[in-house]
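Here's input_13.txt, which has compact mmCIF, C-alpha atoms:
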# COMPACT_ATOMS: atom_id res chain seq x y z
CA MET A 1 112.85 143.48 67.03
CA TYR A 2 115.28 140.99 68.47
CA GLY A 3 115.00 138.49 71.33
CA VAL A 4 117.77 136.74 73.23
CA GLY A 5 117.38 133.79 70.89
CA GLN A 6 118.19 135.81 67.78
CA ILE A 7 121.14 137.50 69.41
CA LEU A 8 122.58 134.18 70.51
CA LEU A 9 121.93 132.69 67.09
CA GLN A 10 123.91 135.44 65.39
CA ASN A 11 126.77 135.40 67.89
CA ARG A 12 127.11 131.71 68.67
CA ALA A 13 130.74 131.53 67.58
CA GLY A 14 131.61 134.67 69.52
CA VAL A 15 129.96 133.44 72.70
CA LEU A 16 131.69 130.07 72.48
CA ASP A 17 135.10 131.67 71.87
CA ALA A 18 134.67 134.06 74.78
CA TRP A 19 133.58 131.16 76.96
CA LEU A 20 136.60 129.06 76.07
CA ALA A 21 138.90 132.02 76.63
CA HIS A 22 137.36 132.48 80.03
CA LEU A 23 137.83 128.78 80.70
CA ARG A 24 141.51 128.94 79.78
CA ASP A 25 142.00 131.82 82.18
CA ALA A 26 140.01 130.15 84.96
CA ALA A 27 141.50 126.66 84.76
CA PRO A 28 144.91 126.84 83.12
CA ALA A 29 145.78 123.41 84.51
CA ALA A 30 143.11 121.61 82.49
CA GLN A 31 144.33 119.02 80.01
CA PRO A 32 144.28 120.10 76.34
CA ALA A 33 142.50 116.86 75.46
CA SER A 34 139.67 117.48 77.88
CA LEU A 35 139.54 121.11 76.73
CA GLN A 36 138.85 119.92 73.21
CA LEU A 37 136.07 117.72 74.46
CA LEU A 38 134.72 120.52 76.62
CA LYS A 39 134.69 122.83 73.60
CA LEU A 40 132.43 120.39 71.79
CA GLU A 41 130.13 119.98 74.76
CA LEU A 42 129.91 123.70 75.42
CA GLY A 43 129.18 124.30 71.74
CA THR A 44 126.25 121.91 71.98
CA LEU A 45 125.06 123.63 75.13
CA VAL A 46 125.10 127.07 73.45
CA GLU A 47 123.21 125.63 70.52
CA LYS A 48 120.55 124.05 72.67
CA LEU A 49 120.23 127.17 74.77
CA THR A 50 119.74 129.19 71.61
CA ALA A 51 117.09 126.76 70.46
CA TYR A 52 115.38 127.16 73.82
CA PHE A 53 115.32 130.95 73.65
CA LEU A 54 114.07 130.83 70.08
CA ALA A 55 111.30 128.53 71.18
CA SER A 56 110.65 130.33 74.43
CA GLU A 57 107.73 132.26 73.02
CA GLY A 58 106.26 129.19 71.41
CA GLU A 59 105.05 125.73 72.39
CA GLY A 60 108.11 123.52 72.80
CA ALA A 61 109.93 125.66 75.38
CA GLY A 62 109.69 123.11 78.19
CA ALA A 63 111.03 120.25 76.10
CA ALA A 64 113.77 122.48 74.68
CA PHE A 65 114.90 123.47 78.15
CA ARG A 66 115.01 119.86 79.24
CA THR A 67 117.53 119.09 76.51
CA VAL A 68 119.56 122.09 77.71
CA GLU A 69 119.41 120.68 81.24
CA GLN A 70 120.58 117.29 80.04
CA GLN A 71 123.50 118.84 78.23
CA ALA A 72 124.49 120.82 81.34
CA ALA A 73 124.30 117.61 83.36
CA THR A 74 126.57 115.84 80.87
CA ILE A 75 129.14 118.61 81.11
CA SER A 76 128.99 118.64 84.87
CA ALA A 77 129.45 114.87 85.09
CA ALA A 78 132.46 115.12 82.79
CA CYS A 79 133.93 117.87 84.98
CA ALA A 80 133.42 115.77 88.10
CA ARG A 81 135.15 112.79 86.52
CA ASP A 82 138.03 115.00 85.33
CA GLY A 83 138.57 116.09 88.91
CA LEU A 84 137.48 119.71 88.67
CA THR A 85 136.35 121.29 91.92
CA PRO A 86 132.65 122.09 92.36
CA MET A 87 133.58 125.79 92.35
CA GLU A 88 135.30 125.54 89.00
CA THR A 89 132.38 123.67 87.54
CA ALA A 90 129.83 126.18 88.78
CA GLU A 91 131.96 129.06 87.58
CA LEU A 92 132.20 127.46 84.18
CA ILE A 93 128.43 127.59 83.76
CA LEU A 94 127.94 130.93 85.48
CA ALA A 95 130.51 132.50 83.14
CA LEU A 96 127.85 132.28 80.45
CA LYS A 97 125.89 134.90 82.32
CA THR A 98 128.74 137.39 82.11
CA ILE A 99 129.53 136.62 78.52
CA ALA A 100 126.00 136.63 77.19
CA GLY A 101 125.17 139.59 79.43
CA ALA A 102 127.98 141.60 77.87
CA LEU A 103 126.67 140.61 74.46
CA LEU A 104 123.19 141.82 75.36
CA ASN A 105 124.58 145.14 76.60
CA ARG A 106 126.51 145.65 73.35
CA GLN A 107 123.40 145.00 71.33
CA ALA A 108 121.17 147.05 73.57
CA GLY A 109 121.09 149.92 71.10
CA ASP A 110 120.10 147.70 68.17
CA GLY A 111 116.46 147.48 69.02
CA ILE A 112 116.14 144.63 71.48
CA ALA A 113 112.59 144.29 72.61
CA GLU A 114 112.54 144.95 76.37
CA PRO A 115 116.24 144.55 77.24
CA ASP A 116 115.53 144.17 80.96
CA GLN A 117 113.23 141.26 80.39
CA ALA A 118 115.71 139.62 78.02
CA ARG A 119 118.41 139.97 80.61
CA ALA A 120 116.20 138.50 83.33
CA ALA A 121 115.25 135.53 81.14
CA LEU A 122 118.90 134.82 80.42
CA ASP A 123 119.87 135.09 84.08
CA ALA A 124 117.07 132.79 85.17
CA ALA A 125 118.04 130.17 82.61
CA VAL A 126 121.73 130.24 83.52
CA ASP A 127 120.98 130.16 87.25
CA LYS A 128 118.81 127.10 86.75
CA LEU A 129 121.60 125.48 84.76
CA ALA A 130 124.11 126.24 87.51
CA LEU A 131 121.89 124.52 90.05
CA ILE A 132 121.50 121.47 87.86
CA THR A 133 125.22 121.43 87.26
CA PHE A 134 125.89 121.39 90.95
CA ALA A 135 123.38 118.65 91.66
CA THR A 136 124.78 116.48 88.90
CA PHE A 137 128.30 117.15 90.06
CA VAL A 138 127.54 115.94 93.55
CA GLU A 139 125.69 112.90 92.22
CA THR A 140 128.58 111.92 89.99
CA ARG A 141 131.07 112.36 92.78
CA GLU A 142 128.99 110.22 95.11
CA GLU A 143 128.75 107.53 92.48
CA ILE A 144 132.52 107.56 92.11
CA ILE A 145 133.00 107.32 95.86
CA LYS A 146 130.56 104.42 96.10
CA ARG A 147 132.30 102.58 93.31
CA GLN A 148 135.69 103.11 94.91
CA GLY A 149 134.31 101.92 98.22
CA ARG A 150 133.09 98.71 96.63
CA ALA A 151 136.40 98.20 94.87
CA LEU A 152 138.24 98.71 98.14
CA LEU A 153 135.98 96.21 99.87
CA ASP A 154 136.68 93.62 97.17
CA LEU A 155 140.39 94.21 97.31
CA ALA A 156 140.79 94.02 101.03
CA THR A 157 139.03 90.75 101.83
CA PRO A 158 140.28 87.70 99.95
CA ALA A 159 139.74 84.21 101.32
CA LEU A 160 142.73 82.03 100.53
CA PRO A 161 142.69 78.24 100.78
CA ILE A 162 146.20 77.81 102.18
CA TRP A 163 145.99 74.16 103.18
CA ARG A 164 143.56 71.31 102.94
CA HIS A 165 140.66 72.32 105.20
CA ILE A 166 142.29 75.62 106.18
CA ILE A 167 141.43 79.01 104.72
CA LEU A 168 143.14 82.29 105.53
CA MET A 169 141.38 85.61 105.47
CA PRO A 170 143.66 88.58 106.03
CA LEU A 171 141.71 91.68 107.01
CA VAL A 172 143.16 95.04 106.04
CA GLY A 173 141.71 98.42 106.90
CA ILE A 174 138.99 99.79 109.11
CA ILE A 175 136.24 97.32 110.02
CA ASP A 176 132.85 99.01 110.17
CA THR A 177 129.48 97.34 110.48
CA GLN A 178 128.93 97.00 106.76
CA ARG A 179 132.38 95.62 106.18
CA ALA A 180 132.11 93.23 109.12
CA ARG A 181 128.91 91.84 107.64
CA GLN A 182 130.58 91.41 104.30
CA VAL A 183 133.56 89.69 105.89
CA MET A 184 131.26 87.32 107.73
CA GLU A 185 129.32 86.50 104.56
CA TRP A 186 132.44 85.85 102.53
CA LEU A 187 134.08 83.84 105.23
CA LEU A 188 131.04 81.57 105.55
CA GLU A 189 130.76 81.17 101.81
CA ALA A 190 134.47 80.37 101.55
CA LEU A 191 134.15 77.84 104.38
CA ALA A 192 131.31 76.11 102.58
CA ARG A 193 133.02 76.27 99.19
CA GLU A 194 136.37 74.98 100.32
CA GLU A 195 134.92 72.55 102.85
CA ALA A 196 137.27 74.13 105.32
CA HIS A 197 137.32 73.06 108.94
CA ILE A 198 139.34 76.02 110.09
CA ALA A 199 139.43 79.66 109.12
CA ILE A 200 142.28 81.88 110.17
CA LEU A 201 141.21 85.49 110.44
CA ASP A 202 144.31 87.65 110.43
CA VAL A 203 143.71 91.15 111.80
CA THR A 204 147.30 92.41 111.58
CA GLY A 205 146.18 94.98 109.01
CA VAL A 206 143.29 96.31 111.06
CA PRO A 207 144.46 99.59 112.58
CA LEU A 208 141.94 99.78 115.39
CA ILE A 209 140.37 96.96 117.34
CA ASP A 210 137.79 98.10 119.87
CA SER A 211 134.74 96.54 121.45
CA ARG A 212 132.65 97.00 118.28
CA VAL A 213 135.17 95.18 116.12
CA ALA A 214 135.45 92.52 118.81
CA LEU A 215 131.68 92.09 118.73
CA HIS A 216 131.79 91.59 114.97
CA LEU A 217 134.59 89.08 115.36
CA THR A 218 132.63 87.16 117.99
CA LYS A 219 129.63 87.02 115.68
CA THR A 220 131.78 85.69 112.87
CA VAL A 221 133.26 83.03 115.10
CA GLU A 222 129.76 82.04 116.24
CA ALA A 223 128.46 81.83 112.66
CA ALA A 224 131.43 79.71 111.61
CA ARG A 225 130.77 77.42 114.57
CA LEU A 226 127.24 76.86 113.28
CA LEU A 227 128.78 75.56 110.06
CA GLY A 228 130.92 73.20 112.11
CA SER A 229 134.12 75.17 111.57
CA ARG A 230 136.56 76.85 113.93
CA VAL A 231 137.94 80.34 113.58
CA ILE A 232 141.38 81.34 114.79
CA VAL A 233 141.93 85.07 115.10
CA THR A 234 145.57 86.01 114.66
CA GLY A 235 147.61 89.18 114.61
CA ILE A 236 146.12 90.84 117.66
CA SER A 237 148.61 93.53 118.54
CA PRO A 238 149.70 94.38 122.11
CA ASP A 239 147.76 97.64 121.72
CA ALA A 240 144.62 95.75 120.78
CA ALA A 241 145.07 93.28 123.61
CA GLN A 242 145.42 96.14 126.10
CA THR A 243 142.36 97.91 124.74
CA LEU A 244 140.22 94.78 124.76
CA VAL A 245 141.15 93.84 128.31
CA LYS A 246 140.62 97.39 129.56
CA LEU A 247 137.22 97.49 127.85
CA ASP A 248 136.41 94.19 129.53
CA VAL A 249 135.58 92.49 126.23
CA ASP A 250 135.07 88.77 126.59
CA LEU A 251 137.04 86.94 123.94
CA SER A 252 137.05 83.58 125.68
CA SER A 253 134.84 82.04 122.99
CA MET A 254 137.53 82.76 120.43
CA ILE A 255 140.85 81.12 119.73
CA THR A 256 143.32 83.99 119.46
CA ARG A 257 147.01 84.02 118.66
CA GLY A 258 149.53 86.80 118.41
CA THR A 259 151.00 85.92 115.06
CA LEU A 260 149.80 84.25 111.91
CA ARG A 261 152.54 81.69 112.40
CA ALA A 262 151.23 80.70 115.82
CA GLY A 263 147.72 80.61 114.38
CA LEU A 264 148.76 78.24 111.63
CA ALA A 265 150.45 75.97 114.16
CA GLU A 266 147.24 75.94 116.22
CA ALA A 267 145.24 75.14 113.06
CA PHE A 268 147.42 72.12 112.34
CA ARG A 269 147.10 70.99 115.92
CA LEU A 270 143.30 71.26 115.76
CA LEU A 271 143.20 69.48 112.41
CA GLY A 272 145.23 66.61 113.80
CA GLU A 273 142.87 66.37 116.72
CA ASN A 274 139.68 66.81 114.75
CA ALA A 275 140.55 65.16 111.47
CA LYS A 276 137.52 63.26 110.27
CA GLY A 277 137.94 60.05 112.16
CA PRO A 278 137.11 56.65 110.77
CA ILE A 279 133.36 56.30 110.69
CA GLU A 280 133.92 52.58 111.15
CA THR A 281 134.58 53.18 114.85
CA MET A 282 130.86 53.74 115.19
CA LEU A 283 129.68 50.82 113.03
CA MET B 284 104.31 62.77 107.55
CA ARG B 285 106.99 62.00 110.08
CA VAL B 286 110.60 62.69 109.19
CA PRO B 287 112.34 59.30 108.88
CA ILE B 288 115.21 58.49 111.22
CA LEU B 289 117.86 56.14 109.88
CA ARG B 290 120.20 54.09 112.00
CA LEU B 291 123.83 53.66 110.97
CA GLY B 292 125.54 51.51 113.52
CA ARG B 293 124.88 53.26 116.78
CA VAL B 294 124.25 56.66 115.25
CA LEU B 295 120.83 58.00 114.33
CA LEU B 296 120.72 59.98 111.10
CA THR B 297 117.98 62.32 110.04
CA SER B 298 117.74 64.88 107.30
CA LEU B 299 115.30 67.74 107.73
CA PRO B 300 113.28 68.62 104.61
CA ALA B 301 113.14 72.22 103.38
CA ASP B 302 109.45 72.59 104.23
CA LEU B 303 109.63 71.24 107.77
CA THR B 304 106.62 72.02 109.93
CA ASP B 305 106.72 72.68 113.65
CA GLN B 306 104.72 69.48 114.26
CA GLN B 307 107.22 67.41 112.27
CA VAL B 308 110.15 68.69 114.28
CA MET B 309 108.32 67.91 117.53
CA ASP B 310 107.58 64.38 116.29
CA LEU B 311 111.21 64.01 115.32
CA GLN B 312 112.28 64.95 118.82
CA ILE B 313 109.97 62.33 120.35
CA ASP B 314 111.07 59.59 117.92
CA ALA B 315 114.77 60.25 118.40
CA LEU B 316 114.50 60.28 122.18
CA ALA B 317 112.52 57.02 122.10
CA LEU B 318 115.22 55.33 120.01
CA ILE B 319 117.96 56.50 122.32
CA GLN B 320 116.00 55.42 125.34
CA ALA B 321 115.58 51.98 123.74
CA GLY B 322 119.35 51.69 123.73
CA LYS B 323 119.54 51.56 119.96
CA ALA B 324 121.94 54.46 119.57
CA ASP B 325 124.44 56.72 121.32
CA GLY B 326 124.22 59.68 119.06
CA LEU B 327 122.02 61.73 116.78
CA VAL B 328 123.09 63.64 113.69
CA ILE B 329 120.54 66.11 112.36
CA ASP B 330 121.35 67.22 108.85
CA ILE B 331 119.85 70.57 107.81
CA THR B 332 121.50 70.96 104.41
CA ALA B 333 118.10 71.36 102.76
CA ALA B 334 116.87 74.09 105.07
CA ASP B 335 117.09 77.61 103.65
CA VAL B 336 115.41 79.11 106.68
CA VAL B 337 115.71 78.23 110.34
CA ASP B 338 113.53 80.40 112.54
CA SER B 339 113.98 81.01 116.24
CA TYR B 340 111.39 78.40 117.15
CA MET B 341 113.15 75.73 115.12
CA ALA B 342 116.51 76.77 116.54
CA ARG B 343 115.15 76.43 120.07
CA ILE B 344 113.59 73.01 119.42
CA LEU B 345 116.85 71.75 117.91
CA SER B 346 118.94 73.05 120.84
CA GLU B 347 116.47 71.56 123.31
CA THR B 348 116.57 68.22 121.52
CA ALA B 349 120.35 68.21 121.84
CA LYS B 350 120.08 68.90 125.57
CA MET B 351 117.46 66.15 126.02
CA VAL B 352 119.62 63.65 124.16
CA LYS B 353 122.51 64.62 126.40
CA ILE B 354 120.45 64.10 129.53
CA MET B 355 119.56 60.65 128.24
CA GLY B 356 123.24 59.83 127.86
CA GLY B 357 123.66 60.46 124.15
CA VAL B 358 125.21 63.15 122.00
CA ALA B 359 123.65 65.22 119.24
CA VAL B 360 125.28 67.09 116.36
CA LEU B 361 123.75 69.50 113.87
CA ALA B 362 125.30 69.15 110.41
CA GLY B 363 125.33 70.94 107.10
CA MET B 364 124.01 74.39 107.92
CA GLN B 365 123.92 76.78 104.97
CA PRO B 366 126.03 79.94 105.31
CA ALA B 367 122.97 82.16 104.85
CA VAL B 368 121.18 80.35 107.68
CA ALA B 369 124.19 80.74 109.97
CA LEU B 370 124.32 84.44 109.15
CA THR B 371 120.66 84.94 109.99
CA LEU B 372 120.90 82.99 113.23
CA VAL B 373 123.89 85.02 114.37
CA GLU B 374 122.10 88.26 113.52
CA MET B 375 119.14 87.11 115.62
CA GLY B 376 121.42 86.81 118.63
CA ARG B 377 124.17 84.71 120.05
CA GLY B 378 123.57 81.24 121.36
CA MET B 379 120.50 80.59 119.23
CA ILE B 380 121.88 77.16 118.42
CA ASP B 381 123.32 75.75 121.62
CA MET B 382 124.63 72.43 120.37
CA GLU B 383 127.54 70.78 118.61
CA THR B 384 127.84 71.38 114.88
CA ALA B 385 129.58 69.78 111.93
CA PHE B 386 130.24 70.71 108.33
CA ASP B 387 128.35 67.83 106.74
CA LEU B 388 126.79 64.46 107.52
CA GLU B 389 130.15 62.69 107.38
CA GLY B 390 131.70 65.21 109.74
CA GLY B 391 128.68 64.90 112.00
CA VAL B 392 128.95 61.14 112.25
CA ALA B 393 132.69 61.42 112.88
CA LYS B 394 132.07 63.98 115.58
CA VAL B 395 129.52 61.80 117.31
CA GLY B 396 132.07 58.98 117.15
CA ARG B 397 134.75 61.12 118.77
CA MET B 398 132.44 62.46 121.42
CA VAL B 399 131.20 59.01 122.37
CA ALA B 400 134.77 57.67 122.39
CA SER B 401 136.04 60.50 124.59
CA ARG B 402 133.18 59.89 126.97
CA GLY B 403 134.14 56.24 127.20
CA GLY B 404 131.98 54.22 124.87
CA ARG B 405 128.33 53.17 124.70
CA HIS B 406 126.00 54.70 127.22
CA ASP B 407 124.11 51.56 128.13
CA GLU B 408 126.95 49.13 128.69
CA VAL B 409 129.52 48.61 131.38
CA PRO B 410 132.97 49.04 129.80
CA ALA B 411 134.91 45.82 129.53
CA ALA B 412 137.38 45.59 132.35

Would you encode the structure as structure tokens?
Amino acid sequence: MYGVGQILLQNRAGVLDAWLAHLRDAAPAAQPASLQLLKLELGTLVEKLTAYFLASEGEGAGAAFRTVEQQAATISAACARDGLTPMETAELILALKTIAGALLNRQAGDGIAEPDQARAALDAAVDKLALITFATFVETREEIIKRQGRALLDLATPALPIWRHIILMPLVGIIDTQRARQVMEWLLEALAREEAHIAILDVTGVPLIDSRVALHLTKTVEAARLLGSRVIVTGISPDAAQTLVKLDVDLSSMITRGTLRAGLAEAFRLLGENAKGPIETML
Amino acid sequence: MRVPILRLGRVLLTSLPADLTDQQVMDLQIDALALIQAGKADGLVIDITAADVVDSYMARILSETAKMVKIMGGVAVLAGMQPAVALTLVEMGRGMIDMETAFDLEGGVAKVGRMVASRGGRHDEVPAA
């Protein structure tokens, strides 16, 4: 009498080869290097699955299946990082059903105990694995997206001390609420760090300036004022100016200039006016 | 304990401790106004470098103090706010702190000097002809 476990045990190499052949047909574009790695990982998966089916009558079935799950998750994460589509990844795991199913059919005459049940057990296990694969795939992708988002945020918002008491912060890209908050935080920290009196916020690289962005800008200007600094917003395009006026956004609390050059000139003018005067005048 | 108020020339200096109580800030307001009324100073610089938290009550008292000083002929400047405090105050709403601000104590004193000068000198004396 044979179970699925025994059949897999005897045909491990065959199953793995068939799987890899299937993989080559399904994803011919995959890199040879990652194929090698995948071969190793899939081999481990087959082994662990075998161990699970061997144990499935006994005590340690649950623990054995958890190691299978972990292995499937590892493979799925690797696929996600290699840029495979979710479909390809799911197909990769589901292919096992076809391959092992064919194996079971071939061996059906050789005295398998209850072939229907064996088939059902195999299907259930592979289906579960496919689900886990998909969940892990999505998780990994989301992690990648989050990391890229953070990297983008870091890249796009430097605060440059361009002159004594003047820092420049060029904004590039879409400003959403989270980003606006970040910009405000960094600007305030940079003001405190550099002891800057004036911050120039250049929005030339911001594609869309609407009332929400304007609100964020106003908040930033207000926060900087609380630190005793002034903010000059430069690079407001004609488009933005038209939009803001049509939306009736009040920007009167802000110093705005069309170009960075004009903003810098204004900064120097303000510095000349506001340069820390002699304290002695008060003594 | 009352928060001490120092006098540097004709500017009053005070530094708020981190654990300022509501009573202390009220006392501070009374003391500062009394000194200005006595003609001892033209300006007040309140340094809040030490404060990690400024709640709405404190913000209101500070703004009100500035307005009271102004009514009495003086000027008031808030100096040395921490970035985190500024952030919180702005999130709470605009105009929470309705007074002049400066980066640090030195900047605050300089600002008081400029404001008094632009207004035309001491508030309790007739300018020399």

Pull the closest atom pair for each residue of segment 191-252 of chain A that gets at most 12 Å from segment 311-334 of chain B, along with the distance in Å to one decimal, counting all atoms listed in the file, ordering rows by chain and then ascending residue number, as a Markdown table.
| residue | atom | partner | partner_atom | distance |
| --- | --- | --- | --- | --- |
| A:Ala192 | CA | B:Thr332 | CA | 11.2 |
| A:Leu226 | CA | B:Ile331 | CA | 11.1 |
| A:Leu227 | CA | B:Thr332 | CA | 10.3 |
| A:Gly228 | CA | B:Asp330 | CA | 11.7 |

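Straight-line separation from atom CA of Glu383 of chain B to atom CA of Val358 of chain B: 8.7 Å.
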
Need to verify the contact set: Arg81 of chain A, 10 Å, all atoms listed in the file, exclusion of same-chain residues closer than 5 positions in sequence. Can you return it as a list of chain:residue names?
A:Ile75, A:Ser76, A:Phe137, A:Thr140, A:Arg141, A:Ile144

Residues near Asp127 of chain A, cut-off 12 Å, all atoms listed in the file, skip fewer than 2 positions along chain, as a short mmCIF file (atom, residue, chain, number, x, y, z; two decimals) with C-alpha atoms, in the frame of the given file:
data_model
loop_
_atom_site.label_atom_id
_atom_site.label_comp_id
_atom_site.auth_asym_id
_atom_site.auth_seq_id
_atom_site.Cartn_x
_atom_site.Cartn_y
_atom_site.Cartn_z
CA GLU A 69 119.41 120.68 81.24
CA ALA A 72 124.49 120.82 81.34
CA ALA A 90 129.83 126.18 88.78
CA GLU A 91 131.96 129.06 87.58
CA LEU A 92 132.20 127.46 84.18
CA ILE A 93 128.43 127.59 83.76
CA LEU A 94 127.94 130.93 85.48
CA ALA A 95 130.51 132.50 83.14
CA LEU A 96 127.85 132.28 80.45
CA LYS A 97 125.89 134.90 82.32
CA THR A 98 128.74 137.39 82.11
CA ALA A 120 116.20 138.50 83.33
CA ALA A 121 115.25 135.53 81.14
CA LEU A 122 118.90 134.82 80.42
CA ASP A 123 119.87 135.09 84.08
CA ALA A 124 117.07 132.79 85.17
CA ALA A 125 118.04 130.17 82.61
CA LEU A 129 121.60 125.48 84.76
CA ALA A 130 124.11 126.24 87.51
CA LEU A 131 121.89 124.52 90.05
CA ILE A 132 121.50 121.47 87.86
CA THR A 133 125.22 121.43 87.26
CA PHE A 134 125.89 121.39 90.95
#

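Shell of Leu260 of chain A at 8 Å, with only C-alpha atoms counted and residues fewer than 5 places along the chain excluded, is A:Asp202, A:Thr234, A:Gly235.
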
Next, write the just-selected residues to a file, as a CSV table (one decimal), in the frame of the given file, keeping C-alpha atoms as the atom set.
chain,number,residue,atom,x,y,z
A,202,ASP,CA,144.3,87.6,110.4
A,234,THR,CA,145.6,86.0,114.7
A,235,GLY,CA,147.6,89.2,114.6

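Remark: for Arg24 of chain A, the closest of the candidate residues A:Leu247, A:Glu88, A:Leu40, A:Gly62 is A:Glu88 (distances computed over all atoms listed in the file).
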
Grab the atom CA of Arg150 of chain A to atom CA of His216 of chain A distance for me, in Å with one decimal place.
19.7 Å

If we count all atoms listed in the file and set the cut-off at 9 Å, which residues sit around Ala64 of chain A, ignoring sequence neighbours fewer than 4 positions away in its own chain? Please answer as a list in words.
Lys48, Leu49, Ala51, Tyr52, Phe53, Ala55, Ser56, Gly60, Val68 and Glu69 of chain A

Kindly determine which residues of chain B lie within 12 Å of chain A, considering all atoms listed in the file, and give the answer as a PyMOL selection string.
chain B and resi 290-295+324-326+330-332+337+342+346+360-401+404-405

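With atom CA of Arg179 of chain A on one side and atom CA of Val206 of chain A on the other, the separation reads 12.0 Å.
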